[in-house]
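Data first, discussion second: the structure below is written as structure tokens.
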Amino acid sequence: MNAYNFASKNEFHLLKKKKTLWAIGIIIIIQFAIFKYFYPHVSYIWGDSFSYIDAADQNLSINTYLTGYSKFLRLFSVLTKSDFALALCQYLFIEITALFLLFTIFENYRAGKITQIVLIIIMTVNPLFLHLANLVSSDGMFVGLSFLWFSTLLWIIQHSTSKLIILHTIILFISFTFRYNALIYPVISLSVICFTKMPLRKKALSICVCFLPIALYVLSTSYQYKKLTGHWQYSPFSGWQLANNAMYSFRYVDSIDRKPVPVRFKELHRMVCEYFDSTRNASLHPIELFEASTYYMWSPGLTLMKYKQKKFEKDTTIAELQQWATMGPLYKEYGIYIIKQYPMQFFKHFIWPNSKKYFALPIEFLGSYNSDRDSVTEQARIWFGYKTRKVSVNTKTKEVKILGSYPIISGIVNAVLLCTLICFAMLGGMKGTSFVNRMIVLGGIIWLVNAIFTITVSSAALRFQSFPLFLTVVLSITIVDWMIQLMLSHKKDLINPTIGNRQIYPEMSGIGAS
Amino acid sequence: MKTIKHMLLATFAVAVLGGIVAFKLRGSLVYCADINHFGAIAGTPDCPLFQNSTYIIGAPAISFCTSVVDTPCTGQVKQIRAKQ
């Protein structure tokens with residue numbers, strides 16, 4: 001009897017009970033109705049949201065942000081202009097995919113009844129999903145796609161069928177076009193496929209099928225940037241991000257410790273040094289008090305933007321996207337150069353503060369409705385068919401207080417996951433070959449890889465770290481459940497020594513010795 | 001069995017500790033600023049906000065801007081809460 005068969009006969013699979021599904025459906029609808037009473041319009045991130053709408057409006061295939069979400073907005077606009085429908089669609093997508101992840105777990109692992117109830121409540125009664133769904137940003141859809149991506153990976157571990165591989169390929173590809181956070185997904189998918197029990201030929205074919213669309217997408221995007229800027233590059237964004245990260249560390253390099261730079265960086269470096277020399281007084285320049293943020297890459301008055309303007313001041317015909325993308329390769333090289341020259345400062349003033357941010361995720365733009373403004377751009381008004389540019393809320397302030405506890409929750413679950421993973425390893429869980437053991441190992445790897453990626457090259461915020469946050473919650477609770485079950489099985493062994501641990505919990509094979 | 005019990009207790013302790021650390025770490029930067037009619041920081045050097053501003057990191061917003069004299073600031077004195 002394998003783990004899958006064992007679990008499928010499980011009587012405690014709450015998501016297979018009609019009553020549970022009805023209750024979840026009613027709760028979801030009531031929550032959304034109440035939420036929409038308070039927030040009748042969708043919320044916008046001033047900058048990002050309008051960029052997505054602009055790309056959707058112009059049907060751009062390259063933009064400052066990845067265009068997957070813009071394509072979705074464009075496709076959705078064929079059906080309806082309603083922003084209410086968009087929020088509802090995004091919310092249902094997040095909820096259904098979150099529940100699918102739980103269904104996958106409960107189908108393959110006999111989680112305790114209380115564990116199942118707790119996980120279902122966490123995924124259903126959750127204000128973060130409502131606020132993400134109400135945001136015109138790729139974040140909400142990306143959370144849902146990530147839930148699907150992880151769920152299909154778990155199914156592939158159990159049954160590596162061709163249909164599953166194709167489904168996973170589609171989800172992986174769509175995720176890849178939505179956010180740069182998905183850059184780590186293909187590597188993880190590849191590793192999982194490599195470790196499945198498929199024949200070598202099928203394995204090789206699966207890997208090709210999985211990666212062909214992504215390779216073509218990367219090639220096509222890079223070619224379009226080559227045409228636009230003359231440089232082969234997949235993401236100018238990464239160049240800006242690296243230069244931004246480098247500047248957060250270079251700010252703390254004493255002027256006497258500054259090293260000379262290659263000629264190609266001289267002008268830029270001079271401007272960076274001048275900027276830092278003139279902004280030492282933090283009371284005059286409060287932005288300088290922030291650590292490991294993104295101000296240097298987005299603020300028009302700061303060096304990276306100023307240098308870009310200077311480069312193109314003689315030619316005003318060049319479009320903004322072209323100017324921005326052209327700077328990508330130089331900023332990438334400059335960022336890497338500075339980080340290599342001052343690794344200690346980079347660790348102290350970028351990696352360390354970013355680690356703290358990753359631990360207690362900042363609420364960032366989710367902290368206030370519509371970036372604390374009461375209107376939208378004309379393009380957004382037309383896109384959603386509003387009568388005026390005004391957007392309003394039925395709450396006292398635009399501040400979203402309900403999400404205020406999320407940084408603390410994030411800290412708690414990150415600490416708990418680290419602790420439970422250590423316990424899991426100490427109890428021999430890593431050696432187990434059952435579904436739950438593999439799921440925990442895979443989830444732990446995703447958590448670790450995502451943390452390394454986010455802390456070293458990206459920035460951390462609640463809206464785009466929602467998937468890792470919920471993965472952490474699910475893993476932590478599952479490991480605790482696994483430990484409790486292990487403890488109870490040992491107790492039963494002591495009461496009735498004739499019943500072995502393996503007979504009671506065959507899915508725990510590999511940990512019986514502990 | 002005892003070991004697992006201890007591990008579960010340790011997990012609970014770590015959860016409490018993680019919560020306390022996260023509570024201390026969550027932060028926002030609060031400061032008073034001279035905002036011009038475009039909504040940007042005006043940056044008048046004579047404005048007292050640029051000489052005696054109070055900055056609070058890691059604390060909830062408190063209304064402290066009202067005590068600051070708003071002349072010769074060119075714009076409107078406003079409390080800015082910038083989230084980290």
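As shown in the structure tokens, the chain order sets the letters A, B, ...; within each chain, residues go from 1, and ligands are also counted from 1 in the order they appear.
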Using only C-alpha atoms, determine which residues of chain A fall within 10 Å of chain B; present them as a compact mmCIF listing (two decimals) with N, CA and C atoms, in the first residue's frame.
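This went into iface17.txt:
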```
# COMPACT_ATOMS: atom_id res chain seq x y z
N ASN A 281 23.75 64.86 5.43
CA ASN A 281 22.85 65.32 6.48
C ASN A 281 21.46 64.68 6.27
N ALA A 282 21.20 63.67 7.07
CA ALA A 282 19.96 62.92 6.88
C ALA A 282 18.71 63.74 7.19
N SER A 283 18.88 64.80 8.01
CA SER A 283 17.69 65.61 8.33
C SER A 283 17.23 66.38 7.09
N LEU A 284 18.16 66.64 6.19
CA LEU A 284 17.79 67.31 4.94
C LEU A 284 17.38 66.29 3.87
N HIS A 285 17.87 65.08 4.01
CA HIS A 285 17.60 64.05 3.00
C HIS A 285 17.10 62.77 3.68
N PRO A 286 15.86 62.81 4.16
CA PRO A 286 15.34 61.65 4.93
C PRO A 286 15.34 60.34 4.15
N ILE A 287 15.31 60.42 2.83
CA ILE A 287 15.32 59.18 2.03
C ILE A 287 16.59 58.37 2.30
N LEU A 289 17.84 57.72 4.98
CA LEU A 289 17.74 56.91 6.20
C LEU A 289 17.29 55.48 5.90
N PHE A 290 16.74 55.29 4.73
CA PHE A 290 16.27 53.95 4.36
C PHE A 290 17.45 53.06 3.99
N GLU A 291 17.31 51.80 4.37
CA GLU A 291 18.34 50.83 3.99
C GLU A 291 17.72 49.79 3.07
N ALA A 292 18.52 49.34 2.11
CA ALA A 292 18.10 48.26 1.19
C ALA A 292 16.71 48.50 0.62
N SER A 293 16.50 49.70 0.11
CA SER A 293 15.20 50.01 -0.48
C SER A 293 15.34 50.10 -2.01
N THR A 294 14.41 50.79 -2.65
CA THR A 294 14.47 50.87 -4.12
C THR A 294 14.41 52.33 -4.61
N PRO A 353 20.34 44.34 6.14
CA PRO A 353 19.02 45.00 6.27
C PRO A 353 17.92 44.31 5.45
N LYS A 356 16.57 41.34 7.30
CA LYS A 356 15.61 41.74 8.34
C LYS A 356 14.25 42.02 7.70
N LYS A 357 14.30 42.63 6.51
CA LYS A 357 13.05 42.90 5.80
C LYS A 357 12.37 41.59 5.38
N PHE A 359 12.61 38.80 6.84
CA PHE A 359 12.10 38.15 8.06
C PHE A 359 10.75 38.77 8.47
N ALA A 360 10.70 40.09 8.56
CA ALA A 360 9.45 40.78 8.91
C ALA A 360 9.03 41.60 7.69
N LEU A 361 8.32 40.97 6.79
CA LEU A 361 8.01 41.57 5.48
C LEU A 361 7.32 42.93 5.59
N PRO A 362 7.85 43.98 4.97
CA PRO A 362 7.18 45.29 5.02
C PRO A 362 5.86 45.25 4.24
N ILE A 363 4.87 45.99 4.73
CA ILE A 363 3.56 46.00 4.08
C ILE A 363 3.62 46.82 2.79
N GLU A 364 4.51 47.77 2.75
CA GLU A 364 4.77 48.59 1.57
C GLU A 364 3.47 49.19 1.00
N PHE A 365 3.21 49.03 -0.28
CA PHE A 365 2.05 49.67 -0.91
C PHE A 365 0.71 49.13 -0.42
N GLY A 367 -0.12 48.94 2.48
CA GLY A 367 -0.44 49.65 3.72
C GLY A 367 -1.46 50.75 3.58
N GLY A 404 -1.67 45.29 9.26
CA GLY A 404 -0.57 45.74 10.13
C GLY A 404 0.15 44.62 10.86
N SER A 405 -0.55 43.51 11.10
CA SER A 405 0.09 42.44 11.87
C SER A 405 0.92 41.49 10.98
N TYR A 406 0.82 41.64 9.68
CA TYR A 406 1.50 40.68 8.79
C TYR A 406 3.03 40.63 8.93
N PRO A 407 3.71 41.77 9.16
CA PRO A 407 5.16 41.65 9.38
C PRO A 407 5.48 40.77 10.59
N ILE A 408 4.63 40.86 11.63
CA ILE A 408 4.87 40.05 12.83
C ILE A 408 4.57 38.58 12.51
N ILE A 409 3.46 38.35 11.80
CA ILE A 409 3.12 36.97 11.41
C ILE A 409 4.27 36.37 10.58
N SER A 410 4.79 37.21 9.67
CA SER A 410 5.88 36.76 8.81
C SER A 410 7.09 36.35 9.65
N GLY A 411 7.43 37.17 10.64
CA GLY A 411 8.55 36.85 11.54
C GLY A 411 8.32 35.55 12.28
N ILE A 412 7.09 35.39 12.79
CA ILE A 412 6.77 34.17 13.55
C ILE A 412 6.92 32.93 12.66
N VAL A 413 6.29 32.96 11.48
CA VAL A 413 6.30 31.74 10.66
C VAL A 413 7.70 31.43 10.10
N ASN A 414 8.47 32.48 9.80
CA ASN A 414 9.84 32.22 9.33
C ASN A 414 10.66 31.55 10.41
N ALA A 415 10.53 32.05 11.65
CA ALA A 415 11.27 31.47 12.77
C ALA A 415 10.79 30.04 13.02
N VAL A 416 9.47 29.84 12.98
CA VAL A 416 8.91 28.50 13.23
C VAL A 416 9.35 27.51 12.16
N LEU A 417 9.34 27.95 10.90
CA LEU A 417 9.74 27.02 9.84
C LEU A 417 11.20 26.59 10.01
N LEU A 418 12.04 27.55 10.32
CA LEU A 418 13.46 27.23 10.51
C LEU A 418 13.61 26.20 11.64
N CYS A 419 12.91 26.45 12.72
CA CYS A 419 12.98 25.56 13.88
C CYS A 419 12.41 24.17 13.55
N THR A 420 11.23 24.16 12.91
CA THR A 420 10.60 22.86 12.62
C THR A 420 11.41 22.06 11.58
N ILE A 422 14.62 22.07 11.33
CA ILE A 422 15.73 21.46 12.08
C ILE A 422 15.22 20.21 12.82
N CYS A 423 14.06 20.36 13.47
CA CYS A 423 13.46 19.21 14.18
C CYS A 423 13.19 18.06 13.21
N PHE A 424 12.65 18.42 12.04
CA PHE A 424 12.32 17.44 11.00
C PHE A 424 13.57 16.66 10.59
N MET A 426 16.35 16.37 12.38
CA MET A 426 16.84 15.61 13.54
C MET A 426 16.05 14.32 13.74
N LEU A 427 14.77 14.34 13.36
CA LEU A 427 13.94 13.15 13.51
C LEU A 427 14.05 12.20 12.31
N ALA A 460 12.44 42.91 -0.60
CA ALA A 460 11.38 42.13 0.04
C ALA A 460 10.19 43.00 0.40
N ALA A 461 9.00 42.55 0.04
CA ALA A 461 7.77 43.24 0.44
C ALA A 461 6.64 42.21 0.46
N SER A 476 5.15 24.84 7.97
CA SER A 476 5.33 24.83 9.43
C SER A 476 4.24 24.01 10.09
N VAL A 480 4.62 20.41 12.11
CA VAL A 480 4.14 20.25 13.49
C VAL A 480 3.17 19.07 13.55
N MET A 483 5.05 15.87 13.36
CA MET A 483 5.73 15.58 14.63
C MET A 483 4.73 15.04 15.66
N ILE A 484 3.56 15.65 15.70
CA ILE A 484 2.53 15.18 16.66
C ILE A 484 2.11 13.75 16.32
N LEU A 486 3.84 11.53 14.79
CA LEU A 486 4.97 10.65 15.10
C LEU A 486 4.99 10.35 16.60
N MET A 487 4.74 11.40 17.38
CA MET A 487 4.73 11.25 18.83
C MET A 487 3.60 10.31 19.26
N LEU A 488 2.42 10.50 18.66
CA LEU A 488 1.28 9.66 19.02
C LEU A 488 1.50 8.21 18.61
N SER A 489 2.16 8.01 17.47
CA SER A 489 2.43 6.64 17.01
C SER A 489 3.39 5.95 17.97
N HIS A 490 4.34 6.70 18.51
CA HIS A 490 5.28 6.14 19.49
C HIS A 490 4.53 5.77 20.77
N LYS A 491 3.57 6.62 21.13
CA LYS A 491 2.78 6.38 22.33
C LYS A 491 1.98 5.09 22.17
N SER A 514 13.58 6.54 14.15
CA SER A 514 13.78 7.65 15.09
C SER A 514 12.90 7.41 16.30
```
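The two atoms in question, atom CA of Val457 of chain A and atom CA of Thr97 of chain A, are spaced 28.1 Å apart.
Put simply, atom CA of Leu66 of chain A is 27.3 Å away from atom CA of Phe346 of chain A.
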Pick out the residues sitting within 9 Å of Phe178 of chain A, and hand them over as a ChimeraX atom specification; count only C-alpha atoms, and ignore anything fewer than 5 positions along from it in its own chain. /A:65-70,138-139,141-142,173
Which residue out of A:Lys81, A:Arg280, A:Arg179, A:His13 has the minimum interatomic distance to Lys113 of chain A when only C-alpha atoms are used?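 With only C-alpha atoms as the atom set, the closest residue is A:His13.
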Using only C-alpha atoms, the best pick from A:Tyr44, A:Tyr91, A:Trp298, A:Phe195 as closest to Val143 of chain A would be A:Tyr91
Excluding same-chain residues fewer than 3 positions from Ile256 of chain A, what lies within 12 Å of it counting only C-alpha atoms, as a list in words?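 Contacts, with the query itself left out: Tyr252, Val253, Lys259, Pro260, Cys273 and Asp277 of chain A.
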Between atom CA of His41 of chain A and atom CA of Leu145 of chain A, measure the distance and give it in Å to one decimal. 23.8 Å
